[in-house]
Structures are given as C-alpha cells and as structure tokens.
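Take a look at the structure below.
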Amino acid sequence: MKFIIAVLTVISAYLIGSINFAVIFTNAFNHTDIRDYGSGNAGTTNVLRVSGVKAGALTFVADALKGAVACILGMLVFKYLLYTPDMPIFSSVYGKFACAFACMVGHCWPVFFQFRGGKAAATSVGIFAVCCPPAIILGLVGFAICMLTAKMVSLGSLVATVIVVIVTIIYAHLSLLGDVNPWVISAIMLVCGFIVFYRHKDNLVRIINGTEKRFSVKKDK
C-alpha cells in the first residue's frame, strides 16, 4: 500500500508540473497560444517577449510555485504517511526529490498540453527553494551575473543549472540534505540537469554560434 501511495504522489507531482501557466496566461491576456509565437517555448522568457511584463511575471511566479508545491507534497506525504525507521526509502528527502523530478518532467512534457511544455527554468527555482535553498541562491547569483554581462536568459539558465546541480550534489555528499544515499540524489540531479540542457539544445547551438537573442521585453499596453 505504501508503494502505491508513493507512486500516486509522484504522479500527482507530474500532473502539477503539467499545468502550463505560460499557455494559460498568454491565452488569458492575448487569446493566443504562446507556443505559436516568438521562440515557440512555453516559458517565462517567451511570455515576456510576446505578452509583456504582467503575463511574464505571473508565469514565473506560478511556475516557481508549482515546483515548490510539488516538492512540499512529496516531502509531507513521505514524512507523515510513509516513512518508518525500517523503510528509509520513504525518507522525506527522497520524497521531495522524486517529486521534483516528476514536476520537472511534467513542465517539459505536460500531459494537459499535448506534451509541448517549457524548459523548466522558472519551475526549478521553486523546486530547489525547497530541495536545496543554498543551491538555488547561488544559481540565481550566477544567472544574474550572466544577465548583467551577456544579457542572455538561456546562458544564465544553463549556468544556473550547472551551479545548482554541483552544489546540491556536494550538499548530498556532505550529508547536509539529510540521512540519504548521496549517490541517489546525485543521479537525480544529473538527470534533471540533462533535461534542462536538452530542452535548451537549440539555445546552446545559437550561443556557440554567437546568434542567440539578447533579452528583451514587450511593453504592456
């Protein structure tokens, strides 16, 4: 029964991740599907470029919140409903990281939106605010530096991803995340990092070629 509850919790995190706020808010503000405009990505940056600051800000906040909610759900269910000393696999840390992964997959490939989602940058902010706050703080610092120097959101997101993955793995191996197997956390983090880089593969090619767009925002009317 516990394994069924654990699986249902992770599936719920995937469904939470599948709520694509970029599509929802651009439809509400402009009656359009964000995936048909700009870069075609259902994420904060494209919403800012296509629909303006209000829609973009709402998208970022909502995407970050859904990441946090999914992780908190996993943490609470595993901690209060599943964990016993003889079953450490149901540690709350495993619960929140499993739901973090599921939410990220849901955001990138949402079942509610034809599996055409975003790149998990904003969602990752909420995810790691719960899973490893120091990692996301350092990641945001790296992102800010890239924005101030290169003014490329994609580059900032990739740099932040590398920082978050490395710092979280270090914390896991230093037992700062709890009494869990650090190699399990490391594996989850490497897969999450791969997903973000895979979703940014076109941006990465443009960055290397020097053709990536600089950040710009559409003014609200």
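Here, A, B, ... name the chains of the structure tokens in the order displayed, residue numbers run from 1 inside each chain, and ligands are numbered from 1 in the same displayed order.
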Give me, as a compact mmCIF listing (two decimals) with C-alpha atoms, in the first residue's frame, all polymer residues having an atom no more than 10 Å from Phe112 of chain A, counting only C-alpha atoms and skipping those fewer than 6 positions away in the same chain.
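Everything below was put into part.txt:
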# COMPACT_ATOMS: atom_id res chain seq x y z
CA LEU A 15 0.31 16.46 -13.05
CA GLY A 17 4.06 20.20 -13.34
CA SER A 18 1.83 19.67 -16.37
CA ILE A 19 -0.19 22.80 -15.56
CA ASN A 20 1.40 25.13 -18.10
CA GLY A 106 5.57 17.43 -16.29
Query - Neighbour list for Phe3 of chain A as a ChimeraX atom specification, cut-off 10 Å, only C-alpha atoms, skip fewer than 3 positions in-chain - result: /A:6-9,82,90
Could you turn the residues from that selection into a file that holds N, CA and C atoms, as a PDB file, in the first residue's frame?
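Listed below is the output, out_39.pdb:
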ATOM      1  N   ALA A   6       3.157   6.136  -2.670  1.00  0.00           N
ATOM      2  CA  ALA A   6       4.359   6.832  -3.158  1.00  0.00           C
ATOM      3  C   ALA A   6       4.256   7.094  -4.657  1.00  0.00           C
ATOM      4  N   VAL A   7       3.830   6.088  -5.413  1.00  0.00           N
ATOM      5  CA  VAL A   7       3.689   6.242  -6.864  1.00  0.00           C
ATOM      6  C   VAL A   7       2.631   7.286  -7.197  1.00  0.00           C
ATOM      7  N   LEU A   8       1.509   7.251  -6.494  1.00  0.00           N
ATOM      8  CA  LEU A   8       0.441   8.231  -6.742  1.00  0.00           C
ATOM      9  C   LEU A   8       0.905   9.653  -6.412  1.00  0.00           C
ATOM     10  N   THR A   9       1.741   9.779  -5.387  1.00  0.00           N
ATOM     11  CA  THR A   9       2.274  11.095  -5.026  1.00  0.00           C
ATOM     12  C   THR A   9       3.168  11.631  -6.129  1.00  0.00           C
ATOM     13  N   LEU A  82       4.356   7.721   5.021  1.00  0.00           N
ATOM     14  CA  LEU A  82       5.078   6.560   4.520  1.00  0.00           C
ATOM     15  C   LEU A  82       6.312   6.163   5.335  1.00  0.00           C
ATOM     16  N   PHE A  90      11.543   5.730   2.162  1.00  0.00           N
ATOM     17  CA  PHE A  90      10.451   6.695   2.211  1.00  0.00           C
ATOM     18  C   PHE A  90      10.837   7.947   2.999  1.00  0.00           C
TER      19      PHE A  90
END
Report task. Identify, on the basis of only C-alpha atoms, every residue whose closest approach to segment 12-14 of chain A does not exceed 10 Å; exclude the query and any residue fewer than 3 positions from it along the same chain; express the result as a PyMOL selection string. Result -> chain A and resi 6-9+17-19+66-67+69-74+96+98-107+109-111
Would you output that residue set with N, CA and C atoms, as a compact mmCIF listing (two decimals), in the first residue's frame?
# COMPACT_ATOMS: atom_id res chain seq x y z
N ALA A 6 3.16 6.14 -2.67
CA ALA A 6 4.36 6.83 -3.16
C ALA A 6 4.26 7.09 -4.66
N VAL A 7 3.83 6.09 -5.41
CA VAL A 7 3.69 6.24 -6.86
C VAL A 7 2.63 7.29 -7.20
N LEU A 8 1.51 7.25 -6.49
CA LEU A 8 0.44 8.23 -6.74
C LEU A 8 0.90 9.65 -6.41
N THR A 9 1.74 9.78 -5.39
CA THR A 9 2.27 11.09 -5.03
C THR A 9 3.17 11.63 -6.13
N GLY A 17 3.12 19.63 -12.38
CA GLY A 17 4.06 20.20 -13.34
C GLY A 17 3.45 20.40 -14.71
N SER A 18 2.45 19.60 -15.05
CA SER A 18 1.83 19.67 -16.37
C SER A 18 0.90 20.86 -16.54
N ILE A 19 0.64 21.59 -15.45
CA ILE A 19 -0.19 22.80 -15.56
C ILE A 19 0.69 23.90 -16.15
N LYS A 66 4.47 26.15 -8.48
CA LYS A 66 4.07 24.75 -8.71
C LYS A 66 5.23 23.81 -8.44
N GLY A 67 6.45 24.25 -8.72
CA GLY A 67 7.62 23.44 -8.38
C GLY A 67 7.74 23.25 -6.89
N VAL A 69 5.30 23.56 -4.62
CA VAL A 69 4.15 22.78 -4.14
C VAL A 69 4.36 21.29 -4.37
N ALA A 70 4.85 20.93 -5.54
CA ALA A 70 5.08 19.52 -5.85
C ALA A 70 6.09 18.91 -4.88
N CYS A 71 7.17 19.64 -4.59
CA CYS A 71 8.20 19.12 -3.67
C CYS A 71 7.70 19.04 -2.24
N ILE A 72 6.95 20.05 -1.82
CA ILE A 72 6.38 20.04 -0.47
C ILE A 72 5.40 18.88 -0.32
N LEU A 73 4.62 18.63 -1.36
CA LEU A 73 3.69 17.49 -1.34
C LEU A 73 4.46 16.19 -1.11
N GLY A 74 5.53 15.97 -1.89
CA GLY A 74 6.32 14.75 -1.73
C GLY A 74 6.94 14.65 -0.36
N LYS A 96 10.74 14.51 -1.70
CA LYS A 96 10.74 15.81 -2.39
C LYS A 96 11.60 15.78 -3.65
N ALA A 98 12.09 13.06 -5.60
CA ALA A 98 11.34 12.29 -6.59
C ALA A 98 10.24 13.15 -7.22
N CYS A 99 9.57 13.94 -6.38
CA CYS A 99 8.52 14.82 -6.90
C CYS A 99 9.11 15.99 -7.67
N ALA A 100 10.31 16.41 -7.31
CA ALA A 100 10.99 17.46 -8.08
C ALA A 100 11.23 16.99 -9.50
N PHE A 101 11.74 15.79 -9.63
CA PHE A 101 11.99 15.22 -10.96
C PHE A 101 10.68 15.08 -11.75
N ALA A 102 9.64 14.56 -11.09
CA ALA A 102 8.36 14.35 -11.76
C ALA A 102 7.75 15.67 -12.21
N CYS A 103 7.85 16.69 -11.37
CA CYS A 103 7.30 18.01 -11.71
C CYS A 103 8.04 18.61 -12.89
N MET A 104 9.36 18.45 -12.90
CA MET A 104 10.16 18.97 -14.00
C MET A 104 9.78 18.29 -15.31
N VAL A 105 9.61 16.98 -15.28
CA VAL A 105 9.18 16.25 -16.48
C VAL A 105 7.80 16.73 -16.93
N GLY A 106 6.91 16.94 -15.96
CA GLY A 106 5.57 17.43 -16.29
C GLY A 106 5.60 18.79 -16.94
N HIS A 107 6.47 19.66 -16.44
CA HIS A 107 6.57 21.00 -17.03
C HIS A 107 7.08 20.95 -18.47
N TRP A 109 7.08 18.23 -20.52
CA TRP A 109 6.21 17.42 -21.38
C TRP A 109 4.85 17.26 -20.71
N PRO A 110 4.04 18.33 -20.71
CA PRO A 110 2.77 18.34 -19.98
C PRO A 110 1.67 17.52 -20.66
N VAL A 111 1.07 16.64 -19.90
CA VAL A 111 0.01 15.78 -20.45
C VAL A 111 -1.22 16.60 -20.84
Taking only residues of segment 71-123 of chain A that have an atom at most 9 Å from an atom of segment 196-214 of chain A, what is each one's shortest atom pair and its distance in Å to one decimal, using only C-alpha atoms, in chain and number order, as a Markdown table?
| residue | atom | partner | partner_atom | distance |
| --- | --- | --- | --- | --- |
| A:Met104 | CA | A:Val196 | CA | 9.0 |
| A:Cys108 | CA | A:Arg199 | CA | 7.8 |
| A:Gly118 | CA | A:Arg199 | CA | 7.8 |
| A:Lys119 | CA | A:Arg199 | CA | 5.3 |
| A:Ala120 | CA | A:Val196 | CA | 6.5 |
| A:Ala121 | CA | A:Val196 | CA | 7.4 |
Query raised in the report: Which polymer residues have any atom within 12 Å of an atom of Leu48 of chain A, counting only C-alpha atoms, with same-chain residues fewer than 2 positions away left out, as a VMD selection string?
Result: chain A and resid 22 25 to 26 29 34 37 to 39 41 to 46 50 to 60 153 215 to 220
Report task. Would you mind telling me which residue in A:Ala28, A:Arg35, A:Ile5, A:Ala64 lies nearest to Ile127 of chain A when using only C-alpha atoms? Result ->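 The shortest atom-to-atom distance to Ile127 of chain A comes from A:Ala64.
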Report task. Using DSSP on the backbone, list every residue of segment 66-185 of chain A that comes out as alpha helix (DSSP H), and give them as a PyMOL selection string. Result -> chain A and resi 66-77+92-108+121-131+133-149+153-173+182-185
